[in-house]
Structure formats: C-alpha cells, structure tokens
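K.L.:
Structure file data-v5.tsv (TSV, C-alpha atoms) is given on the next line.
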chain	number	residue	atom	x	y	z
A	424	MET	CA	22.60	93.21	169.90
A	425	LYS	CA	24.11	93.55	166.43
A	426	ILE	CA	25.66	96.86	165.45
A	427	THR	CA	26.26	98.61	162.14
A	428	ALA	CA	28.96	101.26	162.33
A	429	THR	CA	28.31	104.09	159.88
A	430	ILE	CA	30.78	106.69	158.61
A	431	ILE	CA	30.06	109.42	156.06
A	432	THR	CA	33.08	110.39	154.01
A	433	LEU	CA	34.53	112.78	151.46
A	434	ASP	CA	38.26	112.54	150.73
A	435	GLU	CA	39.19	110.93	154.04
A	436	GLU	CA	42.10	108.70	152.99
A	437	ARG	CA	44.20	110.13	155.84
A	438	ASN	CA	41.71	109.02	158.49
A	439	ILE	CA	39.51	106.21	157.24
A	440	ALA	CA	41.78	103.24	158.00
A	441	ARG	CA	42.24	104.29	161.64
A	442	ALA	CA	38.48	104.67	162.09
A	443	ILE	CA	37.61	101.31	160.51
A	444	GLU	CA	40.34	99.40	162.35
A	445	SER	CA	38.93	100.61	165.68
A	446	LEU	CA	35.51	99.11	164.93
A	447	ARG	CA	36.11	95.43	165.59
A	448	CYS	CA	33.05	95.41	167.88
A	449	ALA	CA	30.77	96.23	164.92
A	450	ASP	CA	28.98	93.49	162.99
A	451	GLU	CA	28.95	95.64	159.86
A	452	ILE	CA	30.85	98.74	158.79
A	453	LEU	CA	29.03	100.94	156.30
A	454	ILE	CA	30.70	103.84	154.51
A	455	VAL	CA	28.52	106.40	152.72
A	456	ASP	CA	30.81	108.35	150.41
A	457	SER	CA	29.79	111.55	148.65
A	458	GLY	CA	32.27	111.68	145.80
A	459	SER	CA	35.79	111.16	147.12
A	460	VAL	CA	38.53	111.59	144.52
A	461	ASP	CA	41.28	110.19	146.74
A	462	ARG	CA	41.74	106.57	147.98
A	463	THR	CA	38.97	106.67	150.64
A	464	VAL	CA	36.70	104.16	148.89
A	465	GLU	CA	39.55	101.82	147.95
A	466	LEU	CA	40.96	101.77	151.48
A	467	ALA	CA	37.52	101.22	153.03
A	468	GLN	CA	36.73	98.32	150.73
A	469	ASN	CA	40.13	96.74	151.33
A	470	LEU	CA	39.40	96.80	155.05
A	471	GLY	CA	36.11	94.97	154.58
A	472	ALA	CA	33.66	97.89	154.80
A	473	ARG	CA	30.52	98.05	152.68
A	474	VAL	CA	30.65	101.25	150.62
A	475	ILE	CA	27.68	103.11	149.16
A	476	GLU	CA	28.17	106.22	147.04
A	477	ALA	CA	25.49	108.86	147.52
A	478	ASN	CA	24.99	112.55	146.82
A	479	TRP	CA	25.52	114.95	149.70
A	480	ARG	CA	22.35	115.75	151.67
A	481	GLY	CA	23.77	117.74	154.58
A	482	PHE	CA	25.31	116.32	157.76
A	483	SER	CA	22.16	115.19	159.58
A	484	ALA	CA	20.35	113.93	156.50
A	485	GLN	CA	23.42	112.04	155.27
A	486	LYS	CA	23.90	110.30	158.62
A	487	ASN	CA	20.21	109.43	158.87
A	488	TRP	CA	20.24	108.06	155.32
A	489	ALA	CA	23.30	105.96	156.22
A	490	ALA	CA	21.43	104.53	159.21
A	491	GLU	CA	18.51	103.60	156.95
A	492	GLN	CA	20.86	101.53	154.75
A	493	ALA	CA	22.30	99.60	157.72
A	494	SER	CA	21.70	95.89	158.10
A	495	HIS	CA	21.22	96.13	161.86
A	496	GLU	CA	18.98	98.13	164.17
A	497	TRP	CA	21.75	99.44	166.40
A	498	ILE	CA	23.85	102.21	164.85
A	499	LEU	CA	27.33	103.31	165.92
A	500	SER	CA	27.89	106.58	164.08
A	501	LEU	CA	31.46	107.85	163.77
A	502	ASP	CA	33.03	110.68	161.84
A	503	ALA	CA	35.99	109.70	159.71
A	504	ASP	CA	38.42	111.58	161.98
A	505	GLU	CA	37.25	109.63	165.04
A	506	ALA	CA	38.11	106.20	166.42
A	507	LEU	CA	37.10	104.06	169.38
A	508	SER	CA	39.68	103.82	172.13
A	509	GLU	CA	40.52	100.23	173.08
A	510	ALA	CA	38.72	100.76	176.39
A	511	LEU	CA	35.58	102.04	174.69
A	512	GLU	CA	35.63	99.14	172.23
A	513	ALA	CA	35.85	96.71	175.17
A	514	GLU	CA	32.98	98.50	176.87
A	515	ILE	CA	30.81	98.11	173.77
A	516	TRP	CA	31.75	94.42	173.53
A	517	ASN	CA	30.56	94.03	177.12
A	518	LEU	CA	27.33	95.89	176.34
A	519	LYS	CA	26.68	93.49	173.49
A	520	LYS	CA	27.17	90.52	175.82
A	521	THR	CA	24.97	91.82	178.64
A	522	GLY	CA	22.34	93.43	176.42
A	523	PRO	CA	21.39	97.11	176.28
A	524	ARG	CA	19.12	98.64	178.89
A	525	ASP	CA	18.67	101.95	177.07
A	526	ASP	CA	17.80	103.16	173.58
A	527	ALA	CA	20.96	105.25	173.10
A	528	TYR	CA	24.30	105.83	174.78
A	529	THR	CA	26.53	108.85	175.24
A	530	MET	CA	30.30	108.61	175.30
A	531	PRO	CA	32.98	111.18	176.22
A	532	ARG	CA	34.99	112.49	173.28
A	533	LEU	CA	38.67	113.28	173.73
A	534	ALA	CA	40.24	115.52	171.07
A	535	ARG	CA	43.82	115.52	169.82
A	536	TYR	CA	44.86	118.96	168.55
A	537	LEU	CA	48.29	119.90	167.15
A	538	GLY	CA	49.70	116.71	168.64
A	539	ARG	CA	48.25	117.17	172.15
A	540	TRP	CA	45.25	115.61	173.90
A	541	ILE	CA	43.03	118.49	175.05
A	542	LEU	CA	41.48	118.11	178.51
A	543	HIS	CA	40.09	121.62	179.00
A	544	CYS	CA	38.95	124.57	176.81
A	545	GLY	CA	35.40	123.19	177.01
A	546	TRP	CA	36.53	120.37	174.73
A	547	TYR	CA	36.33	117.55	177.28
A	548	PRO	CA	34.41	115.44	178.16
A	549	ASP	CA	32.24	116.72	175.25
A	550	ARG	CA	29.76	113.83	175.57
A	551	LYS	CA	28.12	112.71	172.32
A	552	ILE	CA	25.34	110.23	171.57
A	553	ARG	CA	26.84	107.93	168.95
A	554	LEU	CA	25.37	104.50	169.75
A	555	TYR	CA	21.61	104.29	169.30
A	556	ARG	CA	18.64	102.32	168.03
A	557	ARG	CA	17.62	103.79	164.70
A	558	ASP	CA	13.90	103.37	165.46
A	559	ARG	CA	14.29	105.44	168.62
A	560	ALA	CA	16.76	108.13	167.57
A	561	SER	CA	17.98	110.20	164.63
A	562	PHE	CA	20.24	113.13	163.83
A	563	VAL	CA	18.81	116.66	163.82
A	564	GLY	CA	20.26	120.00	162.70
A	565	ASP	CA	20.10	121.41	159.21
A	566	PHE	CA	23.47	123.16	158.87
A	567	VAL	CA	26.23	122.42	161.38
A	568	HIS	CA	26.77	120.84	164.82
A	569	GLU	CA	24.28	118.05	164.23
A	570	SER	CA	23.18	116.01	167.24
A	571	VAL	CA	21.14	112.89	167.99
A	572	ASP	CA	17.57	113.31	169.18
A	573	VAL	CA	16.44	110.29	171.22
A	574	ARG	CA	12.84	109.20	171.71
A	575	GLY	CA	13.57	106.97	174.68
A	576	SER	CA	16.11	106.41	177.46
A	577	VAL	CA	19.77	107.43	177.27
A	578	GLY	CA	22.57	105.60	179.06
A	579	SER	CA	26.25	106.45	179.47
A	580	LEU	CA	29.47	104.78	178.39
A	581	GLU	CA	32.53	105.82	180.35
A	582	ASN	CA	35.48	105.39	177.99
A	583	ASN	CA	36.71	107.79	175.35
A	584	LEU	CA	35.83	108.24	171.72
A	585	LEU	CA	39.03	109.64	170.20
A	586	HIS	CA	38.76	112.67	167.94
A	587	TYR	CA	41.77	113.47	165.75
A	588	THR	CA	41.22	117.11	164.84
A	589	CYS	CA	43.81	119.40	163.25
A	590	ASP	CA	47.47	118.57	162.74
A	591	SER	CA	48.32	122.14	161.71
A	592	LEU	CA	47.07	125.65	162.29
A	593	SER	CA	46.46	126.15	158.58
A	594	GLU	CA	44.16	123.13	158.62
A	595	HIS	CA	42.27	124.64	161.56
A	596	VAL	CA	41.86	127.94	159.69
A	597	LYS	CA	40.34	126.10	156.73
A	598	THR	CA	37.98	124.21	159.02
A	599	VAL	CA	36.89	127.42	160.74
A	600	ASP	CA	36.22	129.07	157.38
A	601	ARG	CA	34.05	126.16	156.24
A	602	TYR	CA	32.06	125.76	159.44
A	603	THR	CA	31.50	129.47	160.06
A	604	THR	CA	29.86	129.68	156.63
A	605	LEU	CA	27.44	126.92	157.62
A	606	ALA	CA	26.82	128.51	161.04
A	607	ALA	CA	26.17	131.88	159.40
A	608	GLN	CA	23.75	130.30	156.95
A	609	GLU	CA	21.88	128.81	159.90
A	610	LEU	CA	21.63	132.22	161.58
A	611	ALA	CA	20.45	133.78	158.32
A	612	ALA	CA	17.85	131.04	157.80
A	613	ARG	CA	16.51	131.66	161.32
A	614	LYS	CA	16.56	135.43	160.59
A	615	VAL	CA	18.75	136.09	163.62
A	616	LYS	CA	20.03	139.67	163.60
A	617	VAL	CA	23.60	140.23	164.76
A	618	PRO	CA	24.09	143.77	166.12
A	619	LEU	CA	27.52	145.41	165.92
A	620	SER	CA	27.80	145.29	169.71
A	621	ARG	CA	27.60	141.51	169.62
A	622	LEU	CA	30.20	141.32	166.87
A	623	ILE	CA	32.56	143.32	169.09
A	624	ALA	CA	31.84	141.79	172.51
A	625	ASP	CA	31.17	138.11	171.86
A	626	PRO	CA	34.59	137.16	170.44
A	627	ALA	CA	36.32	138.73	173.46
A	628	TRP	CA	33.98	136.90	175.84
A	629	THR	CA	34.58	133.64	173.97
A	630	PHE	CA	38.33	134.00	174.52
A	631	VAL	CA	37.91	134.75	178.24
A	632	LYS	CA	35.52	131.85	178.70
A	633	THR	CA	37.69	129.35	176.82
A	634	TYR	CA	41.09	130.31	178.19
A	635	PHE	CA	40.25	131.28	181.76
A	636	LEU	CA	36.85	129.95	182.85
A	637	GLN	CA	37.25	126.63	181.01
A	638	ARG	CA	40.92	126.50	182.04
A	639	GLY	CA	42.39	126.39	178.57
A	640	PHE	CA	45.62	127.70	180.07
A	641	LEU	CA	46.17	124.20	181.48
A	642	ASP	CA	46.45	122.86	177.92
A	643	GLY	CA	49.63	124.85	177.29
A	644	PRO	CA	50.28	126.72	174.03
A	645	GLU	CA	47.65	124.62	172.29
A	646	GLY	CA	45.05	125.86	174.77
A	647	LEU	CA	45.98	129.46	173.99
A	648	THR	CA	45.67	128.73	170.28
A	649	ILE	CA	42.25	127.11	170.78
A	650	ALA	CA	41.02	130.15	172.74
A	651	HIS	CA	42.17	132.53	170.01
A	652	MET	CA	40.63	130.37	167.28
A	653	ALA	CA	37.35	130.10	169.22
A	654	ALA	CA	37.20	133.90	169.36
A	655	PHE	CA	38.02	134.09	165.65
A	656	TYR	CA	35.30	131.53	164.91
A	657	THR	CA	32.73	133.68	166.73
A	658	PHE	CA	33.83	136.86	164.94
A	659	LEU	CA	33.84	135.23	161.52
A	660	LYS	CA	30.45	133.54	162.04
A	661	TYR	CA	28.78	136.83	163.01
A	662	SER	CA	30.56	138.78	160.27
A	663	LYS	CA	29.37	136.34	157.62
A	664	ALA	CA	25.85	136.34	159.05
A	665	ARG	CA	25.69	140.16	158.91
A	666	ASN	CA	26.90	140.01	155.32
A	667	MET	CA	24.15	137.52	154.44
A	668	SER	CA	21.32	139.53	156.01
Output the structure of this file as structure tokens.

P.N.:
Amino acid sequence: MKITATIITLDEERNIARAIESLRCADEILIVDSGSVDRTVELAQNLGARVIEANWRGFSAQKNWAAEQASHEWILSLDADEALSEALEAEIWNLKKTGPRDDAYTMPRLARYLGRWILHCGWYPDRKIRLYRRDRASFVGDFVHESVDVRGSVGSLENNLLHYTCDSLSEHVKTVDRYTTLAAQELAARKVKVPLSRLIADPAWTFVKTYFLQRGFLDGPEGLTIAHMAAFYTFLKYSKARNMS
C-alpha cells in the first residue's frame, strides 16, 4: 500500500509546512498550486513535495485532477489548513503494514478555532473520507462542501485529523463571505427558491441548534461565537441566493 498525499493550495504559506511535516506516512506528497503569490511553492519544494501549478477548476475538480497526477493508487487528500495527528499518522502506518481491507477510510476531524479545540457545536467528530483508492472513489460537489463518493466499501480510522481553522474573528468573517457566495451560487444553479419566511426563521433555528442542541455552550465563548457565526452564515447564504434569483 503506497500512498500519495495531495494538497491543493493558493497562498497557504502560513499552513503548508505544518501539513507537509505531518505526512511522514506518505510515499509521495503532491501539491497542486493555483497561482500562489506568497512562499507556498517555495516552502513545499524545500520540504520535498512535488509541486504542479494548475489553473483553478473548482474544489472537487481540482482535488480529482490532483489524484490523477499522483504516482500511487491510494490518495490521502488534505486541505492546507489540516494536519495528521501523531496518533492518526501511526494508525495509517499500521494500515500500510497490515494491508487495507476497504476501498476508503473515514477519519474524525477535530477543529481548532480561536485557539481552542472545539468538541461540540456539531463540529466534532465531523468524520471525513480522506484516504481512498482513486479507482474506487472521487470528490463530488460543484460549488462548496465537496465530499468523496465511494464505489466500494468504507472503513473507519479512529484518530483525529486536525483542522486549524480561524485564528481571528475577522478571518472567520472573510471565510463566511467567500463560502456563502459559493453556497448561494449552488442554490441559484439548482433554482432553489428562498422565501422570506426561511430567511427569517432559519438563522434563528441554526443558532438554537448549534448552541443548545449540539451543546455549543460547552465550548465556552468560542462556542457562542460559532453559534452566532453559523446563524450569520445561514442568513447571508439565503440573502445572496435571493439576490441572485
């Protein structure tokens, strides 16, 4: 079982070294960069990664194209702001030794937000398929929140993929603005109508669900912030979608 780790990048000099250094279990590290103007490419090359520059195709298409360029059949797909925990890396080493029994594997993702690991708010365990055979699986989703579709069996890894999200609230606001535009474009492309009642009610429900039902209150002030931002995300997504229709 030989693995190519793939990462798509654009101006990720803050994150890329941490991601690459966590991938000692990979037999190849492949970076597909879509025009970084910072030190992303330089840092990746200095750390031994193979770098290919390619035009942006969209999240799913870019990740699938990266998998096609890989030297090995097994793909470990990370985002630049993610890293394997030491326990997850050891688990993958063990999987390589024993041999895989499935065509893809999920792993729990643990997010760090404003300096705190978030265990509630619907953010954990947030299982993602990131290790897969490229002939049996691929990314799907045209706009945002891409996921892996598997044509075979799916197993589970038990240790955490670490996700380093926002270090500041202003960074979170920028991320919400970018992703709500993509989400609104998806709604518009599917011709989903957003009535005014939904624009009013859904953000409030999102806050209640995140903070109370998903126990965001146990994550302290950061949990309260996440609940408010989740509600804002919902409001902004629907507002933009109504404006596009």

K.L.:
Pick out the closest residue to A:Asp434 from this set: A:Glu491, A:Asp461, A:Asp450, A:Glu476. Count all atoms listed in the file.

P.N.:
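For A:Asp434, the nearest of the candidates is A:Asp461.
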
K.L.:
Rank nothing, just name the residue among A:Leu580, A:Ile431, A:Ala606, A:Ala506 nearest to A:Pro548, using only C-alpha atoms.

P.N.:
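Closest residue, counting only C-alpha atoms: A:Leu580.
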
K.L.:
Provide the atom CA of A:Ala477 to atom CA of A:Ala428 distance in Å, to one decimal place.

P.N.:
17.0 Å

K.L.:
Using only C-alpha atoms, which residue out of A:Ile443, A:Val617, A:Cys448, A:Ile623 lies closest to A:Lys520?

P.N.:
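Between A:Ile443, A:Val617, A:Cys448, A:Ile623, the residue approaching A:Lys520 most closely is A:Cys448.
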
K.L.:
Could you check how far atom CA of A:Met652 sits from atom CA of A:Arg480, in Å to one decimal?

P.N.:
28.1 Å

K.L.:
Using only C-alpha atoms, which residues sit within 10 Å of stretch 470-474 of chain A once same-chain residues fewer than 3 positions away are excluded, as a PyMOL selection string?

P.N.:
chain A and resi 428-431+439-440+443-444+451-456+463-467+477+493

K.L.:
So, counting all atoms listed in the file, which residue among A:Leu584, A:Ile475, A:Val577, A:Leu446 is closest to A:Ala489?

P.N.:
A:Ile475
